[in-house]
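Asker: Supplied structure: target12.cif, mmCIF, C-alpha atoms and all ligand atoms.
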```
data_final
loop_
_atom_site.label_atom_id
_atom_site.label_comp_id
_atom_site.auth_asym_id
_atom_site.auth_seq_id
_atom_site.Cartn_x
_atom_site.Cartn_y
_atom_site.Cartn_z
CA MET A 139 32.87 -22.04 8.34
CA PHE A 140 34.62 -24.15 10.90
CA THR A 141 34.40 -27.44 9.03
CA ALA A 142 35.95 -28.82 5.86
CA THR A 143 36.82 -32.15 4.32
CA SER A 144 40.36 -33.08 3.31
CA TYR A 145 41.07 -34.71 -0.06
CA SER A 146 41.73 -37.96 1.74
CA GLY A 147 38.16 -37.79 3.03
CA ARG A 148 38.42 -36.73 6.67
CA THR A 149 35.98 -34.05 7.83
CA VAL A 150 37.44 -31.76 10.46
CA SER A 151 36.32 -28.92 12.67
CA LEU A 152 38.43 -26.00 13.83
CA LEU A 153 36.51 -26.15 17.11
CA ASN A 154 37.60 -29.69 17.79
CA ASN A 155 40.95 -29.91 19.56
CA ALA A 156 41.46 -33.47 18.37
CA ASP A 157 41.55 -32.24 14.74
CA ARG A 158 44.15 -29.55 15.32
CA ALA A 159 47.28 -31.50 14.44
CA TYR A 160 45.66 -32.97 11.32
CA ILE A 161 44.56 -29.53 10.13
CA GLU A 162 48.11 -28.19 10.58
CA ALA A 163 49.52 -31.07 8.54
CA ASN A 164 47.14 -30.81 5.58
CA ASP A 165 46.40 -28.08 3.13
CA GLY A 166 43.78 -29.28 0.64
CA TRP A 167 40.19 -28.76 1.78
CA TYR A 168 36.80 -28.89 0.13
CA CYS A 169 33.16 -28.22 0.98
CA GLN A 170 30.89 -31.22 1.57
CA VAL A 171 27.91 -29.58 -0.04
CA CYS A 172 29.29 -28.12 -3.28
CA LYS A 173 32.62 -29.99 -3.39
CA GLU A 174 34.41 -26.73 -4.21
CA HIS A 175 37.84 -25.96 -2.84
CA LEU A 176 37.97 -24.14 0.50
CA GLN A 177 40.67 -21.90 1.81
CA LEU A 178 41.79 -21.96 5.43
CA LYS A 179 41.99 -18.36 6.63
CA LYS A 180 44.04 -17.50 9.65
CA GLY A 181 43.88 -13.74 9.84
CA ARG A 182 44.71 -11.71 12.88
CA LYS A 183 41.39 -9.91 13.14
CA ARG A 184 39.07 -12.88 12.75
CA ARG A 185 39.12 -16.30 14.23
CA PRO A 186 40.44 -19.03 11.89
CA HIS A 187 37.83 -20.31 9.43
CA PHE A 188 37.39 -22.00 6.06
CA ALA A 189 36.08 -19.85 3.24
CA HIS A 190 34.60 -20.50 -0.21
CA HIS A 191 35.89 -18.65 -3.23
CA PRO A 192 34.11 -15.25 -3.37
CA ASN A 193 32.29 -16.24 -6.59
CA THR A 194 31.10 -19.56 -5.27
CA ALA A 195 27.78 -21.03 -6.34
CA CYS A 196 27.48 -23.03 -3.12
CA PRO A 197 23.92 -22.90 -1.78
CA THR A 198 25.10 -22.98 1.82
CA SER A 199 27.69 -20.28 1.52
CA ASN A 200 27.00 -16.74 2.52
CA PRO A 201 29.81 -14.54 3.67
CA GLU A 202 29.92 -15.14 7.37
CA SER A 203 30.42 -12.24 9.67
CA GLU A 204 32.79 -12.48 12.58
CA ARG A 205 29.69 -12.23 14.77
CA HIS A 206 28.26 -15.34 13.22
CA LEU A 207 31.48 -17.33 13.67
CA GLU A 208 31.89 -16.08 17.22
CA GLY A 209 28.29 -16.89 18.21
CA LYS A 210 28.48 -20.31 16.65
CA ALA A 211 31.67 -21.11 18.56
CA LEU A 212 30.19 -19.92 21.88
CA LEU A 213 26.95 -21.82 21.39
CA TYR A 214 28.93 -24.91 20.45
CA ARG A 215 30.92 -24.72 23.66
CA TRP A 216 27.76 -24.23 25.72
CA LEU A 217 26.01 -27.24 24.16
CA LYS A 218 29.09 -29.41 24.39
CA ALA A 219 29.40 -28.66 28.11
CA GLN A 220 25.93 -30.14 28.63
CA GLY A 221 27.26 -33.51 27.58
CA ALA A 222 25.16 -33.62 24.42
CA GLU A 223 26.39 -34.95 21.09
CA VAL A 224 26.96 -31.75 19.14
CA HIS A 225 28.14 -31.31 15.56
CA VAL A 226 29.16 -27.97 14.21
CA GLU A 227 28.04 -27.24 10.62
CA ALA A 228 26.56 -30.69 10.37
CA PHE A 229 25.93 -31.72 6.80
CA LEU A 230 22.59 -33.47 6.30
CA PRO A 231 22.73 -35.23 2.94
CA GLU A 232 19.01 -36.21 3.12
CA SER A 233 17.99 -32.59 2.78
CA ASN A 234 21.27 -31.17 1.48
CA GLN A 235 21.45 -28.67 4.31
CA ARG A 236 24.15 -27.67 6.71
CA ALA A 237 23.00 -26.96 10.26
CA ASP A 238 25.06 -24.41 12.19
CA LEU A 239 24.84 -26.79 15.13
CA LEU A 240 23.19 -30.16 15.37
CA VAL A 241 22.38 -31.57 18.78
CA LYS A 242 21.48 -35.22 19.22
CA ASN A 243 19.63 -36.14 22.37
CA LYS A 244 18.12 -39.39 23.49
CA ASN A 245 14.71 -38.50 22.12
CA ASP A 246 15.25 -35.91 19.46
CA THR A 247 17.60 -34.15 17.11
CA ILE A 248 17.68 -30.37 17.12
CA ALA A 249 19.26 -28.03 14.61
CA VAL A 250 20.34 -24.71 16.10
CA GLU A 251 20.63 -22.02 13.44
CA TYR A 252 22.27 -18.76 14.43
CA GLN A 253 20.61 -16.37 12.00
CA CYS A 254 22.58 -13.13 11.91
CA SER A 255 21.55 -11.89 8.48
CA THR A 256 18.10 -10.93 7.31
CA VAL A 257 16.46 -13.56 5.17
CA ASP A 258 13.08 -13.78 3.55
CA ARG A 259 10.12 -15.54 5.01
CA GLU A 260 10.03 -18.16 2.27
CA GLN A 261 13.62 -19.20 2.96
CA ILE A 262 12.92 -19.79 6.63
CA ARG A 263 9.75 -21.67 5.77
CA ARG A 264 11.49 -23.90 3.26
CA ARG A 265 14.42 -24.73 5.50
CA THR A 266 12.17 -25.40 8.49
CA ALA A 267 10.04 -27.73 6.38
CA LEU A 268 13.16 -29.57 5.14
CA TYR A 269 14.32 -30.13 8.71
CA HIS A 270 10.91 -31.35 9.79
CA SER A 271 10.77 -33.71 6.81
CA ILE A 272 13.79 -35.58 8.18
CA GLY A 273 12.54 -35.50 11.76
CA VAL A 274 14.75 -32.66 12.99
CA GLN A 275 13.45 -29.81 15.18
CA VAL A 276 14.89 -26.40 14.42
CA LEU A 277 15.65 -23.50 16.70
CA TRP A 278 16.24 -20.22 14.91
CA VAL A 279 18.42 -18.11 17.17
CA MET A 280 18.89 -14.43 16.42
CA PRO A 281 21.55 -12.07 17.74
CA TYR A 282 20.25 -10.03 20.65
CA ASP A 283 20.38 -6.75 18.77
CA HIS A 284 17.64 -8.11 16.46
CA LEU A 285 15.28 -7.88 19.42
CA ARG A 286 12.99 -4.85 19.14
CA ARG A 287 11.05 -4.59 22.30
CA LYS A 288 8.95 -2.12 24.27
CA GLY A 289 7.76 -3.47 27.61
CA SER A 290 5.88 -6.67 26.85
CA VAL A 291 5.59 -5.94 23.15
CA VAL A 292 7.95 -7.43 20.59
CA TYR A 293 8.17 -5.94 17.09
CA LEU A 294 8.60 -8.54 14.38
CA LYS A 295 9.64 -8.57 10.75
CA GLU A 296 7.83 -11.03 8.51
CA TRP A 297 10.63 -13.61 8.51
CA GLN A 298 10.88 -13.41 12.28
CA TRP A 299 7.27 -14.55 12.64
CA GLU A 300 8.21 -17.52 10.55
CA ALA A 301 11.19 -18.30 12.77
CA ALA A 302 9.00 -18.75 15.84
CA TYR A 303 9.51 -22.10 17.48
CA LEU A 304 6.36 -24.12 17.98
CA GLY A 305 7.80 -26.63 20.39
CA HIS A 306 8.20 -30.32 20.06
CA SER A 307 4.93 -31.37 21.56
CA SER A 308 1.48 -31.47 20.08
CA GLU A 309 0.17 -33.32 23.08
CA LEU A 310 -3.52 -32.79 23.45
CA ARG A 311 -3.00 -32.76 27.17
CA ASP A 312 -1.15 -29.46 26.89
CA THR A 313 -3.22 -26.54 27.92
CA TYR A 314 -3.67 -23.46 25.79
CA LEU A 315 -0.88 -21.66 27.63
CA GLN A 316 1.63 -24.46 27.22
CA ARG A 317 1.70 -24.27 23.47
CA MET A 318 2.85 -20.72 22.81
CA PRO A 319 5.48 -20.14 20.13
CA ALA A 320 8.85 -18.71 21.15
CA LEU A 321 11.68 -16.66 19.65
CA PHE A 322 15.30 -16.95 20.75
CA TYR A 323 18.00 -14.30 21.01
CA PHE A 324 21.64 -14.83 21.92
CA GLN A 325 23.60 -12.11 23.66
CA PRO A 326 27.25 -13.17 23.71
CA PRO A 327 29.02 -14.32 25.64
CA SER A 328 26.51 -15.95 27.97
CA LEU A 329 22.97 -14.60 27.93
CA PHE A 330 20.11 -16.22 26.08
CA TRP A 331 16.73 -14.49 25.80
CA THR A 332 13.46 -16.18 25.04
CA ALA A 333 10.38 -14.26 23.93
CA HIS A 334 7.31 -16.42 24.46
CA LEU A 335 4.68 -15.01 22.14
CA ASN A 336 1.39 -15.20 23.97
CA ALA A 337 -0.88 -12.85 22.05
CA TYR A 338 -1.19 -11.42 18.56
CA LEU A 339 -1.37 -7.63 18.33
CA SER A 340 -0.87 -6.75 14.67
CA PRO A 341 1.08 -7.98 11.63
CA LYS A 342 4.15 -6.31 13.15
CA LYS A 343 3.66 -6.83 16.86
CA ALA A 344 3.08 -9.55 19.40
CA HIS A 345 2.69 -9.61 23.14
CA ALA A 346 5.42 -11.67 24.76
CA ARG A 347 6.77 -12.90 28.03
CA PHE A 348 10.55 -12.39 28.09
CA ILE A 349 12.95 -14.56 30.02
CA ALA A 350 16.73 -14.13 30.32
CA HIS A 351 18.72 -17.33 30.78
CA ARG A 352 22.31 -17.35 31.90
CA LEU A 353 24.44 -19.94 30.10
CA PRO A 354 25.31 -22.00 32.05
CA PRO A 355 23.49 -23.09 34.22
CA SER A 356 20.58 -22.93 31.74
CA THR A 357 20.63 -25.80 29.28
CA LEU A 358 19.11 -26.19 25.85
CA GLU A 359 16.23 -28.03 27.48
CA CYS A 360 15.61 -25.07 29.82
CA VAL A 361 15.43 -22.51 27.03
CA ARG A 362 13.09 -24.72 24.98
CA THR A 363 10.65 -25.21 27.82
CA PRO A 364 7.40 -23.33 27.33
CA ALA A 365 7.01 -20.38 29.69
CA THR A 366 4.21 -20.21 32.14
CA VAL A 367 2.27 -17.02 31.72
CA PRO A 368 0.22 -15.94 34.73
CA ARG A 369 -3.44 -16.36 33.96
CA GLU A 370 -4.43 -12.75 34.49
CA MET A 371 -1.55 -11.50 32.32
CA GLN A 372 -2.59 -13.88 29.55
CA ARG A 373 -6.23 -12.87 29.71
CA SER A 374 -5.50 -9.16 29.40
CA ALA A 375 -2.92 -9.77 26.64
CA LEU A 376 -5.51 -11.61 24.52
CA LEU A 377 -8.02 -8.83 25.03
CA ILE A 378 -5.75 -6.07 23.70
CA TYR A 379 -6.23 -7.32 20.15
CA LYS A 380 -9.89 -8.23 20.67
CA LYS A 381 -10.59 -4.69 21.86
CA GLU A 382 -8.88 -3.30 18.78
CA THR A 383 -11.06 -5.48 16.53
CA ARG A 384 -14.25 -4.21 18.25
CA TYR A 385 -13.45 -0.49 18.50
CA GLY A 386 -10.41 0.13 16.33
CA LYS A 387 -9.69 0.53 12.64
CA ARG A 388 -10.84 -2.05 10.13
CA PRO A 389 -8.26 -4.71 9.23
CA PRO A 390 -5.90 -3.69 6.40
CA SER A 391 -7.41 -4.31 3.02
CA THR A 392 -6.01 -7.43 1.39
CA PRO A 393 -7.80 -9.67 -1.12
CA PHE A 394 -8.61 -12.11 1.69
CA SER A 395 -9.87 -9.36 3.98
CA THR A 396 -12.26 -8.23 1.23
CA ILE A 397 -13.58 -11.77 0.75
CA VAL A 398 -14.19 -12.28 4.46
CA GLN A 399 -15.84 -8.91 5.01
CA ALA A 400 -18.12 -9.42 2.00
CA GLN A 401 -19.09 -12.83 3.37
CA LEU A 402 -19.82 -11.43 6.83
CA LEU A 403 -21.94 -8.69 5.31
CA ARG A 404 -24.07 -11.27 3.50
CA ASP A 405 -25.03 -12.39 7.01
CA LYS A 406 -25.42 -8.69 7.95
CA ILE A 407 -22.36 -8.78 10.21
CA PRO A 408 -20.03 -5.76 10.00
CA ILE A 409 -16.48 -6.67 10.96
CA HIS A 410 -16.73 -4.97 14.39
CA LEU A 411 -19.55 -7.38 15.25
CA HIS A 412 -17.65 -10.50 14.10
CA PRO A 413 -18.33 -13.73 16.00
CA PRO A 414 -16.63 -13.72 19.40
CA GLU A 415 -15.36 -17.20 18.47
CA ALA A 416 -12.90 -15.54 16.05
CA GLY A 417 -9.74 -13.55 16.68
CA TRP A 418 -7.82 -15.72 19.13
CA PHE A 419 -4.11 -16.35 19.22
CA LEU A 420 -3.17 -19.89 18.27
CA PRO A 421 0.27 -21.54 18.23
CA GLY A 422 0.18 -21.73 14.41
CA GLN A 423 -0.69 -18.04 13.97
CA PRO A 424 2.94 -16.99 13.34
CA TRP A 425 2.70 -18.75 9.95
CA VAL A 426 -0.25 -16.63 8.88
CA ASN A 427 0.01 -13.21 7.27
CA GLU A 428 -3.66 -12.37 7.83
CA SER A 429 -5.21 -11.17 11.07
CA PRO A 430 -6.73 -13.95 13.19
CA VAL A 431 -10.10 -12.20 13.25
CA LEU A 432 -10.33 -12.61 9.46
CA TRP A 433 -9.29 -16.21 8.92
CA GLN A 434 -11.07 -17.46 12.01
CA SER A 435 -14.33 -15.64 11.12
CA TRP A 436 -14.15 -17.25 7.71
CA LEU A 437 -13.46 -20.69 9.15
CA PHE A 438 -16.08 -20.39 11.87
CA LEU A 439 -18.83 -19.52 9.38
CA HIS A 440 -17.69 -22.41 7.22
CA ILE A 441 -17.85 -24.83 10.17
CA LEU A 442 -21.32 -23.60 11.09
CA SER A 443 -22.55 -24.16 7.55
CA HIS A 444 -21.83 -27.89 8.02
CA PHE A 445 -23.88 -27.99 11.19
CA ASN A 446 -26.89 -26.78 9.19
CA ARG A 447 -26.85 -30.14 7.46
CA GLN A 448 -25.35 -32.59 9.93
CA THR A 449 -24.90 -33.21 13.65
CA PHE A 450 -21.30 -34.44 13.67
CA ILE A 451 -18.30 -33.05 11.87
CA SER A 452 -14.66 -34.17 11.69
CA LEU A 453 -11.44 -32.94 10.11
CA GLN A 454 -12.43 -34.97 7.01
CA THR A 455 -15.70 -33.04 6.74
CA LEU A 456 -13.61 -29.90 6.44
CA GLY A 457 -11.45 -31.12 3.55
CA THR A 458 -12.61 -28.36 1.20
CA ALA A 459 -12.14 -25.73 3.88
CA LYS A 460 -8.55 -26.91 4.29
CA GLN A 461 -7.91 -26.44 0.55
CA TRP A 462 -9.47 -22.97 0.56
CA LEU A 463 -7.59 -21.93 3.65
CA SER A 464 -4.33 -23.08 2.13
CA THR A 465 -5.07 -21.03 -1.02
CA TYR A 466 -6.28 -17.91 0.79
CA LEU A 467 -3.46 -17.84 3.30
CA HIS A 468 -0.75 -19.01 0.87
CA LEU A 469 0.15 -21.89 3.16
CA PRO A 470 1.11 -25.47 2.38
CA VAL A 471 -1.88 -27.79 2.92
CA THR A 472 -0.13 -29.49 5.85
CA ARG A 473 0.02 -26.18 7.68
CA ALA A 474 -3.58 -25.31 6.85
CA ARG A 475 -4.51 -28.64 8.38
CA ILE A 476 -2.65 -27.90 11.62
CA LEU A 477 -4.30 -24.47 11.82
CA MET A 478 -7.73 -26.05 11.40
CA ASP A 479 -6.94 -28.63 14.01
CA GLU A 480 -5.78 -25.92 16.42
CA TYR A 481 -8.89 -23.88 15.71
CA LEU A 482 -11.24 -26.81 16.33
CA ARG A 483 -9.52 -27.42 19.65
CA LEU A 484 -9.91 -23.77 20.52
CA LEU A 485 -13.65 -24.10 19.92
CA VAL A 486 -13.65 -27.08 22.29
CA ARG A 487 -11.88 -24.99 24.92
CA LEU A 488 -14.43 -22.23 24.41
CA ARG A 489 -17.14 -24.89 24.88
CA VAL A 490 -18.64 -24.16 21.50
CA LEU A 491 -17.84 -27.66 20.23
CA MET A 492 -17.60 -30.96 22.04
CA LEU A 493 -14.86 -33.42 21.11
CA HIS A 494 -15.83 -37.08 21.09
CA ALA A 495 -13.72 -40.19 21.50
CA ASP A 496 -13.79 -40.92 17.75
CA ASP A 497 -12.42 -37.43 16.92
CA THR A 498 -15.75 -36.04 15.81
CA PHE A 499 -17.22 -32.79 17.03
CA THR A 500 -20.75 -31.71 17.87
CA LEU A 501 -22.07 -28.22 18.45
CA MET A 502 -22.64 -27.49 22.15
CA GLN A 503 -24.32 -24.13 21.81
CA MET A 504 -25.91 -22.16 19.02
CA PRO A 505 -23.70 -19.11 18.41
CA ARG A 506 -25.21 -15.71 18.91
CA TRP A 507 -24.02 -12.61 17.01
CA PRO A 508 -23.32 -9.56 19.12
CA GLN A 509 -25.53 -6.56 18.36
CA SER A 510 -23.01 -3.89 19.39
CA PRO A 511 -19.24 -3.66 19.91
CA ASP A 512 -19.87 -3.46 23.67
CA GLU A 513 -21.82 -6.68 23.65
CA GLY A 514 -19.19 -8.29 21.41
CA PHE A 515 -16.40 -7.27 23.75
CA ALA A 516 -18.31 -8.57 26.77
CA MET A 517 -18.59 -11.95 25.00
CA ASP A 518 -14.88 -11.81 24.14
CA GLN A 519 -14.07 -11.28 27.82
CA GLN A 520 -16.03 -14.36 28.83
CA TYR A 521 -14.23 -16.44 26.25
CA ALA A 522 -10.83 -15.09 27.33
CA GLU A 523 -11.68 -16.23 30.83
CA ARG A 524 -12.44 -19.75 29.62
CA LEU A 525 -9.31 -19.97 27.52
CA CYS A 526 -7.05 -19.09 30.40
CA ALA A 527 -8.67 -21.50 32.83
CA VAL A 528 -6.05 -23.67 34.49
CA ASN A 529 -7.55 -27.02 33.51
CA ASP A 530 -8.34 -26.34 29.92
CA SER A 531 -6.70 -29.38 28.37
CA VAL A 532 -8.72 -30.67 25.46
CA ALA A 533 -7.80 -34.31 25.58
CA PRO A 534 -9.00 -36.09 28.67
CA ARG A 535 -12.65 -36.65 28.18
CA THR A 536 -13.28 -36.28 31.87
CA TYR A 537 -13.59 -32.55 31.27
CA PHE A 538 -16.13 -33.10 28.54
CA PRO A 539 -18.29 -36.01 29.59
CA LEU A 540 -20.12 -37.62 26.71
ZN ZN B 601 30.07 -25.23 -0.48
#
```
Is it possible to express this structure as C-alpha cells?
Ligand SMILES: [Zn+2]
Answerer:
Amino acid sequence: MFTATSYSGRTVSLLNNADRAYIEANDGWYCQVCKEHLQLKKGRKRRPHFAHHPNTACPTSNPESERHLEGKALLYRWLKAQGAEVHVEAFLPESNQRADLLVKNKNDTIAVEYQCSTVDREQIRRRTALYHSIGVQVLWVMPYDHLRRKGSVVYLKEWQWEAAYLGHSSELRDTYLQRMPALFYFQPPSLFWTAHLNAYLSPKKAHARFIAHRLPPSTLECVRTPATVPREMQRSALLIYKKETRYGKRPPSTPFSTIVQAQLLRDKIPIHLHPPEAGWFLPGQPWVNESPVLWQSWLFLHILSHFNRQTFISLQTLGTAKQWLSTYLHLPVTRARILMDEYLRLLVRLRVLMLHADDTFTLMQMPRWPQSPDEGFAMDQQYAERLCAVNDSVAPRTYFPL
C-alpha cells in the first residue's frame, strides 16, 4: 500500500510529495482498517510501500504485486492531472472498504479498483453492492493481459462478467445502444482499453466494441462514456446468439434450464421455437449466469399469464415474478427488479407492450409462436431491426402516443 497512519494520527501517502518529509521523520505506522502495525519497505527492486505483517488478518490486505503498485501509481498520476480530487487507497468507514483510488467530481464519486488478481464473482458482487450502498460508482480495471480477445469477441471468466460497468445513468431517454455494459483494461504506462459489451454469445463469450484510449488526452469521463455501436454492427451482433438458439445446441442443462424447458413444453413449445421476444442482450445480463433465452422466455410467459386476467400490468403486478426470478437466478431482489424493469422496457422497444404515463403497461399485440426455426429467426430479425432503430428511447411518450 501507499498509505498509512502515524501514531500521532496523520494519514500519509507515498505518492504525495507534501508527505515526504513527514514520512522520513516518523517510523511508527498503522493500517486504518485493521489498526495493525505496518512496515515501510524501501527495497531496491520494488517501489517504496507499506506492508502488513505476513500473517495479518486484515480484510483489505492481500499481498500486492509490483504490477498492482505500479498501475495504481500511474492511474493516480493520470487522474490527478485531470484536476480531480483523487485519494489513493481511500478508506471508507461507512462500508469498511479501501478503494485503490477514489475520485470526487462535482456530481459523483467514483472508486477505481485495479484488479490484478483473480477473485470470485461473489466478492466482486459484494464489494460493488457496498459501494453502491454509499452512493459510490465503481470501475473495475483489469491489467491488459487479462484481456482475452479474438476479433470482436471477448472471452470472460465468471467474475469478469460481474465486473462489467453499467454506467451511471438509468435515464429512460437513453436508447438501447447507450446502455451497454463495459469492461476496462489498463496497459501501462499510458493505454486504456474499453470493451463495450454489446451482445451476449455464451456464458464465456460476449461480442464487444473495443476502443483504445491514450492517457492523456483521454480523461476518466472519456473512458466512461458509452460507445456508439453502428446500427448494422449491433443488429448482426445480436443475431449471432439468436441464430444459435434457433439452430444450435440446446442450452446447457441447469436446474433453471430444466424448469423453463418443461414449462415451454407444457405450451408445446420446444426451446428452438421459443418466443422471439426472448433472448435479447440487456444491460443487466452480465449479472446473470443463465442464458437470456431461458430467463426471458420464463419471464415473458409469466407476463402474458397476467394479461389473460387483466388489461394493465405494472412492476407491482409482477412482485411474485421478481421473487421467483431472484431465487432462480441467485440474484439479490434489487437486481431481479432492475432486470425485470429492463426487460419490460425491451418489450416496449419491441412494440409488444405500451408504456403509459402512470408506469403501467398494456399489450400492443398478441404474441405468435413461430412454427419452425426459420420462421422464428425471421421474427428475431425483425425485432433486431426495431431494437437498433435510432430513435428507440422508451421515455418520451411522443413515440408511443396514448
Ligand atoms: Zn489492515
Asker: Fewer than 3 positions away in the same chain doesn't count, so skip those; otherwise give me all residues within 12 Å of segment 368-378 of chain A, counting all atoms listed in the file, as a PyMOL selection string.
Answerer: chain A and resi 290-291+313-316+318+334-340+343-347+365+381-386+414+416-420+430+514-530
Asker: Please, which residues are within 10 Å of (-21.9, -28.3, 22.0) by the file's coordinates, counting all atoms listed in the file, and could they come as a PyMOL selection string?
Answerer: chain A and resi 485-486+488-493+499-504+538
Asker: I want to know what sits within 12 Å of segment 174-181 of chain A, based on all atoms listed in the file, with residues of the same chain fewer than 4 positions away left out; could you give that as a PyMOL selection string?
Answerer: chain A and resi 139-145+150-152+161-162+164-170+185-199+204
Asker: For a test of reading the model, state the distance in Å between atom CA of Thr366 of chain A and atom CA of Phe322 of chain A, rounded to one decimal.
Answerer: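 Between atom CA of Thr366 of chain A and atom CA of Phe322 of chain A the gap works out to 16.2 Å.
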Asker: Given the choices A:Asn234, A:Thr332, A:Gln401, A:Ser435, which gets closest to ligand ZN 601 (chain B) if the distance is worked out from all atoms listed in the file?
Answerer: A:Asn234
Asker: Hey, can you check how far atom CA of Leu477 of chain A sits from atom CA of Ser429 of chain A?
Answerer: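 It comes out at 13.4 Å.
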Asker: Assuming 6 Å of padding per side, give the centre and edge lengths of the axis-aligned box around every listed atom of segment 221-230 of chain A, in Å to one decimal and as AutoDock Vina command-line options.
Answerer:
```
--center_x 25.9 --center_y -31.1 --center_z 16.9 --size_x 18.6 --size_y 19.7 --size_z 33.3
```
Asker: Would you work out the distance separating atom CA of Thr149 of chain A from atom CA of Gln325 of chain A, expressed in Å to one decimal?
Answerer: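 Distance between the two atoms: 29.8 Å.
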Asker: Using all atoms listed in the file, which of A:Leu463, A:Cys360, A:Leu411, A:Leu329 sits nearest Trp433 of chain A?
Answerer: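 Under the stated criterion, the closest residue is A:Leu463.
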Asker: Measuring atom to atom with only C-alpha atoms and all ligand atoms, identify which of A:Phe330, A:Trp278, A:Phe229, A:Phe324 is nearest to ligand ZN 601 (chain B).
Answerer: A:Phe229
Asker: Select, from A:Ser203, A:Ser395, A:Asn154, A:Thr266, the residue with the minimum atom-to-atom distance to His225 of chain A, counting all atoms listed in the file.
Answerer: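 Under the stated criterion, the closest residue is A:Asn154.
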Asker: Restricting the calculation to all atoms listed in the file, which member of A:Leu212, A:Ile476, A:Ile441, A:Val471 is positioned closest to Tyr252 of chain A?
Answerer: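 Going through A:Leu212, A:Ile476, A:Ile441, A:Val471 one by one, the smallest distance to Tyr252 of chain A is for A:Leu212.
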Asker: Name the closest residue to ligand ZN 601 (chain B) among the candidates A:Val431, A:Cys172, A:Val292, A:Trp331; distances are taken between atoms, counting only C-alpha atoms and all ligand atoms.
Answerer: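 Smallest distance to ligand ZN 601 (chain B) is found for A:Cys172.
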Asker: Applying 10 Å and all atoms listed in the file, which residues near His284 of chain A remain after dropping the ones on its own chain fewer than 6 positions away? List them as number ranges by chain.
Answerer: A: 253-256, 293-295, 298, 323-324
Asker: Please list as a count of residues only every residue within 10 Å of Val224 of chain A, counting all atoms listed in the file and excluding residues in the same chain fewer than 5 positions away.
Answerer: 13
